[in-house]
Amino acid sequence: ILSRAKPAIPAQAAPVASAASVDKKRKVPKLEYFVASRDYTGAVTLLEFSRAVGKYDAETQLWLGYTAFHLGDYRKAMETYQGLLSESDTEPIVHLYLACCYFFLGMYKESDEEALKSPTCKLQNRLLFHLSHKFNDEKRLMGYHQNLQDVIEDQLCLASIHYLRSHYQEAIDIYKRILLENREFLALNVYIAMCYYKLDYYDVSQEVLSVYLQHFPDSLIAVNLKACNHFRLYNGKAAETELSELLEKTSSAFQFADDLIKHNMVVFRGGEGALQVFPRLLDVIPEARLNLVIYHLKNDDIVSAFNLMKDVEPSTPQEYILKGIVNATLGQDQESREHLKIAQQYFQLVGGSASECDTIPGRQCMASCFFLLKQFEDVLIYLNSIKGYFYNDDIFNYNFGQAKVATGAFEEAEEILLMVQNEKLKNEYAYLSHLARCFIMNKKPRMAWDLYLKMETSSESFSLLQLIANDCFKMGHYLYAAKAFDVLERLDPNPDYWEGKRGACVGVLQQILSNQEPKEALREVIALLRNTSNPQVEYIVRIIKQLLLSHLDSPGSLSDCSNPVQWVVAESRAESPNMAMTAAAPARPRIS
């Protein structure tokens, strides 16, 4: 906002020390020296000393306000300018300086009032332009926009508004044009790098940023951005290392961007200390609220996450996405169609926007939108387009696998789901049920049964048994269908489970007779049947034994019966007229 030219001081070779030069060095530096070398701490110290010895006129106060502002101590600058304005002969321009302090302190209403008291000038127009953006006053914003001129300060102001409105490419175009004409404005490389970071071009951002870091390796803002790039490109440990190395060299009295550094350190450490740092930064750093919401979601505190976001009017893609995620999570947890519909609408807004449709988050949003609409063919179109970026991402593979199952691509789904390493995800019922279905459809019923055996008795294990029983029967894996129906029958004496087990046992017999199952399976089938206290059991067992003995004594004796299962059923009906048994009945048993 206060764009001022920075004097360039060319580096000079250190002269050989002499008595005269030593005496010169011992002299107290002038204020101009501190300002020219951007040593605002030294400048403030010198001015405070002047005030202490009684040399505190209006000019000294103006310089103290200026240096405190550039040091980032906006409160001190504010108090200095307020003191000046309490005097009757103060220049009106001080109102504008005070307005700038209010702006950086987040006191936008007060800033607006003070700015309007100052004389009309370019700085006032730029400040009011930014305030209009803060107030979401589009009509007023466009009015101040028209007053901008083709000068560096105004164009930088316009670029910053583009950045704040997520128009990153427009901001890059302005910065590059200015940099092309003013190669010495090295700080523009930082602004361009920040835009590329926002566009997810982290490697490009790092390359542009390195130009500035070669000249100013101790720049906290630049090193922080480098750490953020490392966080995205590598991991939190690499990012933390970058930032820690600079902080070790920095004086503890240096407070510039202290809140920003504390915030990012929590992010780099995977949320460690989030509840101590983020809450007090909610109204200081916009990302603090979003990151606290993410922290609550990761720790299954859905209600706290929802409460933090419910009053937020989203204005950036990240806010829209997080609103969608919170509503989707709450909707699934409470089975609320209303929240799921709201989530779907937020995802569609982001994924369908011109600025986000071709970004990775934009495509993730469209995939999430279609996922909630259960249009899984469309889900796969978007997930396939970005899968190269998420090869080892557990959550992506978890969702990708579910979509593959829904479209019947069971072999691919099994491979994708087995890539998930997160134990919490692997213990969720949705994961277990989809993986079990893959195993069954891929002719690996034993592996599906093993998934059930590893589970503790619960409503979820009961649901998994139902899935295994039905899917195994449908796919002709009758032995494991019989096992599943047997356990279901013992847990819930529902007649449907008995009929399912009976049909599956007859299916096993058919497979034994056609050499698809080993004869040893018969003993297990009989044991499963006798687990039921039903008068039909002994009739069925007797017929099975007779059929097998007849088959062993004279394999051709069954030639007049094209379907041995039908023969068993028919004989069992003859001896037990009340038996309502058909081989196909248990294929889709009714589940209460």
# chains A, B, ... in the order shown; residues from 1 in each chain; ligands from 1
call {"tool": "select_by_dssp", "arguments": {"residues": "segment 89-333 of chain A", "states": "helix (DSSP H, G or I)", "output": "PyMOL selection string"}}
result
chain A and resi 93-104+108-117+122-134+138-146+152-164+168-181+188-198+202-215+220-233+236-249+258-268+274-277+279-281+286-298+302-309+317-333
call {"tool": "residues_around", "arguments": {"residues": "Tyr295 of chain A", "least_positions_apart": "2", "cutoff": "9 Å", "atoms": "only C-alpha atoms", "output": "list of chain:residue names"}}
result
A:Gly270, A:Gly271, A:Ala274, A:Leu275, A:Leu290, A:Asn291, A:Leu292, A:Val293, A:Leu297, A:Lys298, A:Asn299, A:Asp300, A:Asp301, A:Ala305
call {"tool": "write_last_selection", "arguments": {"atoms": "C-alpha atoms", "output": "short mmCIF file (atom, residue, chain, number, x, y, z; two decimals), in the first residue's frame"}}
result
data_model
loop_
_atom_site.label_atom_id
_atom_site.label_comp_id
_atom_site.auth_asym_id
_atom_site.auth_seq_id
_atom_site.Cartn_x
_atom_site.Cartn_y
_atom_site.Cartn_z
CA GLY A 270 1.11 -32.15 10.86
CA GLY A 271 -1.14 -30.20 13.23
CA ALA A 274 -2.99 -26.67 16.50
CA LEU A 275 -5.33 -26.03 19.44
CA LEU A 290 -9.44 -23.33 7.46
CA ASN A 291 -6.56 -25.28 8.98
CA LEU A 292 -8.34 -25.55 12.34
CA VAL A 293 -11.36 -26.97 10.50
CA LEU A 297 -12.03 -33.16 10.57
CA LYS A 298 -8.89 -35.30 10.85
CA ASN A 299 -9.71 -35.90 14.52
CA ASP A 300 -13.36 -36.77 13.77
CA ASP A 301 -14.69 -33.69 15.56
CA ALA A 305 -15.52 -28.20 12.19
#
call {"tool": "closest_atom_pairs", "arguments": {"of": "segment 280-327 of chain A", "to": "segment 156-167 of chain A", "cutoff": "9 Å", "atoms": "only C-alpha atoms", "output": "CSV"}}
result
residue,atom,partner,partner_atom,distance
A:Ser315,CA,A:Arg165,CA,8.2
A:Thr316,CA,A:Ser166,CA,7.0
A:Pro317,CA,A:Ser166,CA,8.3
call {"tool": "write_last_selection", "arguments": {"atoms": "C-alpha atoms", "output": "PDB file, in the first residue's frame"}}
result
ATOM      1  CA  SER A 315     -15.151 -16.163  -1.310  1.00  0.00           C
ATOM      2  CA  THR A 316     -12.159 -18.309  -2.336  1.00  0.00           C
ATOM      3  CA  PRO A 317     -12.032 -21.803  -3.876  1.00  0.00           C
TER       4      PRO A 317
END
call {"tool": "residues_around", "arguments": {"residues": "segment 371-375 of chain A", "least_positions_apart": "2", "cutoff": "10 Å", "atoms": "only C-alpha atoms", "output": "list in words"}}
result
Ala328, Leu340, Lys341, Ala343, Gln344, Phe347, Cys365, Met366, Ala367, Ser368, Cys369, Glu377, Asp378, Val379, Leu380, Asn399, Gln402, Ala403, Ala406 and Thr407 of chain A
call {"tool": "write_last_selection", "arguments": {"atoms": "N, CA and C atoms", "output": "compact mmCIF listing (two decimals), in the first residue's frame"}}
result
# COMPACT_ATOMS: atom_id res chain seq x y z
N ALA A 328 -20.51 -32.46 3.52
CA ALA A 328 -20.54 -33.86 3.09
C ALA A 328 -20.27 -34.80 4.27
N LEU A 340 -25.88 -33.15 2.39
CA LEU A 340 -25.24 -33.77 1.23
C LEU A 340 -25.54 -32.98 -0.04
N LYS A 341 -26.76 -32.46 -0.14
CA LYS A 341 -27.11 -31.66 -1.31
C LYS A 341 -26.34 -30.36 -1.33
N ALA A 343 -23.41 -29.86 0.02
CA ALA A 343 -22.03 -30.22 -0.32
C ALA A 343 -21.88 -30.40 -1.82
N GLN A 344 -22.82 -31.11 -2.42
CA GLN A 344 -22.76 -31.35 -3.86
C GLN A 344 -22.78 -30.04 -4.64
N PHE A 347 -19.34 -28.27 -4.33
CA PHE A 347 -18.34 -28.94 -5.19
C PHE A 347 -18.57 -28.60 -6.65
N CYS A 365 -13.17 -31.73 -7.06
CA CYS A 365 -14.51 -31.27 -6.69
C CYS A 365 -15.58 -31.87 -7.60
N MET A 366 -15.31 -31.90 -8.89
CA MET A 366 -16.30 -32.49 -9.80
C MET A 366 -16.46 -33.98 -9.53
N ALA A 367 -15.36 -34.65 -9.22
CA ALA A 367 -15.45 -36.08 -8.88
C ALA A 367 -16.29 -36.26 -7.62
N SER A 368 -16.10 -35.39 -6.63
CA SER A 368 -16.87 -35.47 -5.38
C SER A 368 -18.34 -35.19 -5.64
N CYS A 369 -18.61 -34.22 -6.51
CA CYS A 369 -19.98 -33.88 -6.87
C CYS A 369 -20.70 -35.10 -7.47
N GLU A 377 -19.55 -43.40 -13.33
CA GLU A 377 -18.84 -43.32 -14.61
C GLU A 377 -18.21 -41.94 -14.78
N ASP A 378 -18.96 -40.91 -14.38
CA ASP A 378 -18.44 -39.54 -14.46
C ASP A 378 -17.34 -39.31 -13.41
N VAL A 379 -17.50 -39.94 -12.25
CA VAL A 379 -16.46 -39.85 -11.22
C VAL A 379 -15.13 -40.31 -11.78
N LEU A 380 -15.15 -41.44 -12.48
CA LEU A 380 -13.91 -42.02 -13.00
C LEU A 380 -13.27 -41.16 -14.08
N ASN A 399 -11.19 -43.64 -2.45
CA ASN A 399 -12.34 -43.19 -3.24
C ASN A 399 -12.31 -43.77 -4.66
N GLN A 402 -13.54 -47.33 -4.63
CA GLN A 402 -14.99 -47.44 -4.48
C GLN A 402 -15.69 -47.16 -5.81
N ALA A 403 -15.20 -46.16 -6.54
CA ALA A 403 -15.80 -45.85 -7.84
C ALA A 403 -15.61 -46.99 -8.83
N ALA A 406 -18.12 -49.68 -8.03
CA ALA A 406 -19.47 -49.29 -8.44
C ALA A 406 -19.69 -49.48 -9.94
N THR A 407 -18.61 -49.41 -10.72
CA THR A 407 -18.73 -49.59 -12.18
C THR A 407 -18.39 -51.01 -12.61
call {"tool": "atom_distance", "arguments": {"atom1": "atom CA of Ile302 of chain A", "atom2": "atom CA of Glu460 of chain A"}}
result
21.3 Å
call {"tool": "closest_atom_pairs", "arguments": {"of": "segment 128-197 of chain A", "to": "segment 210-213 of chain A", "cutoff": "8 Å", "atoms": "only C-alpha atoms", "output": "Markdown table"}}
result
| residue | atom | partner | partner_atom | distance |
| --- | --- | --- | --- | --- |
| A:Leu186 | CA | A:Tyr212 | CA | 5.8 |
| A:Ala187 | CA | A:Tyr212 | CA | 6.5 |
| A:Asn189 | CA | A:Tyr212 | CA | 6.3 |
| A:Val190 | CA | A:Tyr212 | CA | 6.8 |
call {"tool": "write_last_selection", "arguments": {"atoms": "C-alpha atoms", "output": "short mmCIF file (atom, residue, chain, number, x, y, z; two decimals), in the first residue's frame"}}
result
data_model
loop_
_atom_site.label_atom_id
_atom_site.label_comp_id
_atom_site.auth_asym_id
_atom_site.auth_seq_id
_atom_site.Cartn_x
_atom_site.Cartn_y
_atom_site.Cartn_z
CA LEU A 186 13.78 -8.06 -7.57
CA ALA A 187 10.94 -8.32 -5.04
CA ASN A 189 9.94 -12.28 -8.30
CA VAL A 190 8.50 -13.07 -4.86
#
call {"tool": "residues_around", "arguments": {"residues": "Asp173 of chain A", "least_positions_apart": "4", "cutoff": "9 Å", "atoms": "only C-alpha atoms", "output": "list in words"}}
result
Ala159, Tyr168, Gln169, Arg177, Ile178 and Ile192 of chain A
call {"tool": "write_last_selection", "arguments": {"atoms": "N, CA, C and O atoms", "output": "mmCIF file, in the first residue's frame"}}
result
data_model
loop_
_atom_site.group_PDB
_atom_site.id
_atom_site.type_symbol
_atom_site.label_atom_id
_atom_site.label_comp_id
_atom_site.auth_asym_id
_atom_site.auth_seq_id
_atom_site.Cartn_x
_atom_site.Cartn_y
_atom_site.Cartn_z
ATOM 1 N N ALA A 159 -2.534 -5.349 -9.270
ATOM 2 C CA ALA A 159 -2.095 -6.748 -9.260
ATOM 3 C C ALA A 159 -2.418 -7.419 -7.925
ATOM 4 O O ALA A 159 -2.825 -8.587 -7.885
ATOM 5 N N TYR A 168 -5.000 -15.095 -10.425
ATOM 6 C CA TYR A 168 -3.541 -15.153 -10.310
ATOM 7 C C TYR A 168 -2.832 -14.908 -11.636
ATOM 8 O O TYR A 168 -1.770 -14.279 -11.659
ATOM 9 N N GLN A 169 -3.405 -15.376 -12.734
ATOM 10 C CA GLN A 169 -2.749 -15.173 -14.024
ATOM 11 C C GLN A 169 -2.725 -13.700 -14.406
ATOM 12 O O GLN A 169 -1.733 -13.195 -14.947
ATOM 13 N N ARG A 177 5.182 -7.678 -16.611
ATOM 14 C CA ARG A 177 5.350 -6.483 -17.457
ATOM 15 C C ARG A 177 6.190 -5.432 -16.735
ATOM 16 O O ARG A 177 7.083 -4.818 -17.327
ATOM 17 N N ILE A 178 5.913 -5.235 -15.449
ATOM 18 C CA ILE A 178 6.695 -4.252 -14.680
ATOM 19 C C ILE A 178 8.145 -4.710 -14.536
ATOM 20 O O ILE A 178 9.079 -3.923 -14.658
ATOM 21 N N ILE A 192 5.468 -12.917 -8.038
ATOM 22 C CA ILE A 192 5.181 -13.864 -9.126
ATOM 23 C C ILE A 192 5.221 -15.295 -8.593
ATOM 24 O O ILE A 192 4.362 -16.124 -8.924
#
call {"tool": "atom_distance", "arguments": {"atom1": "atom CA of Gly106 of chain A", "atom2": "atom CA of Leu260 of chain A"}}
result
15.2 Å
call {"tool": "residues_around", "arguments": {"residues": "Asp471 of chain A", "least_positions_apart": "2", "cutoff": "12 Å", "atoms": "only C-alpha atoms", "output": "PyMOL selection string"}}
result
chain A and resi 433-434+436-445+448-449+464-469+473-478+480-482+484-485+500+504+586-589
call {"tool": "residues_around", "arguments": {"residues": "Asp394 of chain A", "least_positions_apart": "5", "cutoff": "8 Å", "atoms": "only C-alpha atoms", "output": "list of chain:residue names"}}
result
A:Met419, A:Val420, A:Gln421, A:Asn422
call {"tool": "residues_around", "arguments": {"residues": "Lys76 of chain A", "least_positions_apart": "2", "cutoff": "12 Å", "atoms": "only C-alpha atoms", "output": "VMD selection string"}}
result
chain A and resid 44 48 61 to 62 64 to 74 78 to 83 98 101 to 102 105
call {"tool": "write_last_selection", "arguments": {"atoms": "C-alpha atoms", "output": "PDB file, in the first residue's frame"}}
result
ATOM      1  CA  VAL A  44      13.330   3.112  15.664  1.00  0.00           C
ATOM      2  CA  GLU A  48      13.336   6.507  20.618  1.00  0.00           C
ATOM      3  CA  GLN A  61       7.314  11.647  15.219  1.00  0.00           C
ATOM      4  CA  LEU A  62       6.611  11.300  11.501  1.00  0.00           C
ATOM      5  CA  LEU A  64       9.041   7.159  14.048  1.00  0.00           C
ATOM      6  CA  GLY A  65       5.636   6.348  12.593  1.00  0.00           C
ATOM      7  CA  TYR A  66       7.200   5.616   9.195  1.00  0.00           C
ATOM      8  CA  THR A  67       9.939   3.316  10.526  1.00  0.00           C
ATOM      9  CA  ALA A  68       7.620   1.511  12.973  1.00  0.00           C
ATOM     10  CA  PHE A  69       5.181   0.885  10.097  1.00  0.00           C
ATOM     11  CA  HIS A  70       7.896  -0.566   7.869  1.00  0.00           C
ATOM     12  CA  LEU A  71       9.143  -2.670  10.765  1.00  0.00           C
ATOM     13  CA  GLY A  72       5.676  -4.225  10.957  1.00  0.00           C
ATOM     14  CA  ASP A  73       4.858  -2.667  14.322  1.00  0.00           C
ATOM     15  CA  TYR A  74       1.564  -1.188  13.139  1.00  0.00           C
ATOM     16  CA  MET A  78      -0.810   3.948  14.945  1.00  0.00           C
ATOM     17  CA  GLU A  79      -0.176   5.369  18.416  1.00  0.00           C
ATOM     18  CA  THR A  80       2.472   7.716  17.012  1.00  0.00           C
ATOM     19  CA  TYR A  81       0.158   9.107  14.335  1.00  0.00           C
ATOM     20  CA  GLN A  82      -2.707   9.392  16.822  1.00  0.00           C
ATOM     21  CA  GLY A  83      -0.420  11.488  19.029  1.00  0.00           C
ATOM     22  CA  LEU A  98      -3.078   6.491  10.321  1.00  0.00           C
ATOM     23  CA  CYS A 101      -2.004   1.530  10.090  1.00  0.00           C
ATOM     24  CA  TYR A 102      -5.664   0.769  10.765  1.00  0.00           C
ATOM     25  CA  LEU A 105      -4.431  -3.949  11.922  1.00  0.00           C
TER      26      LEU A 105
END
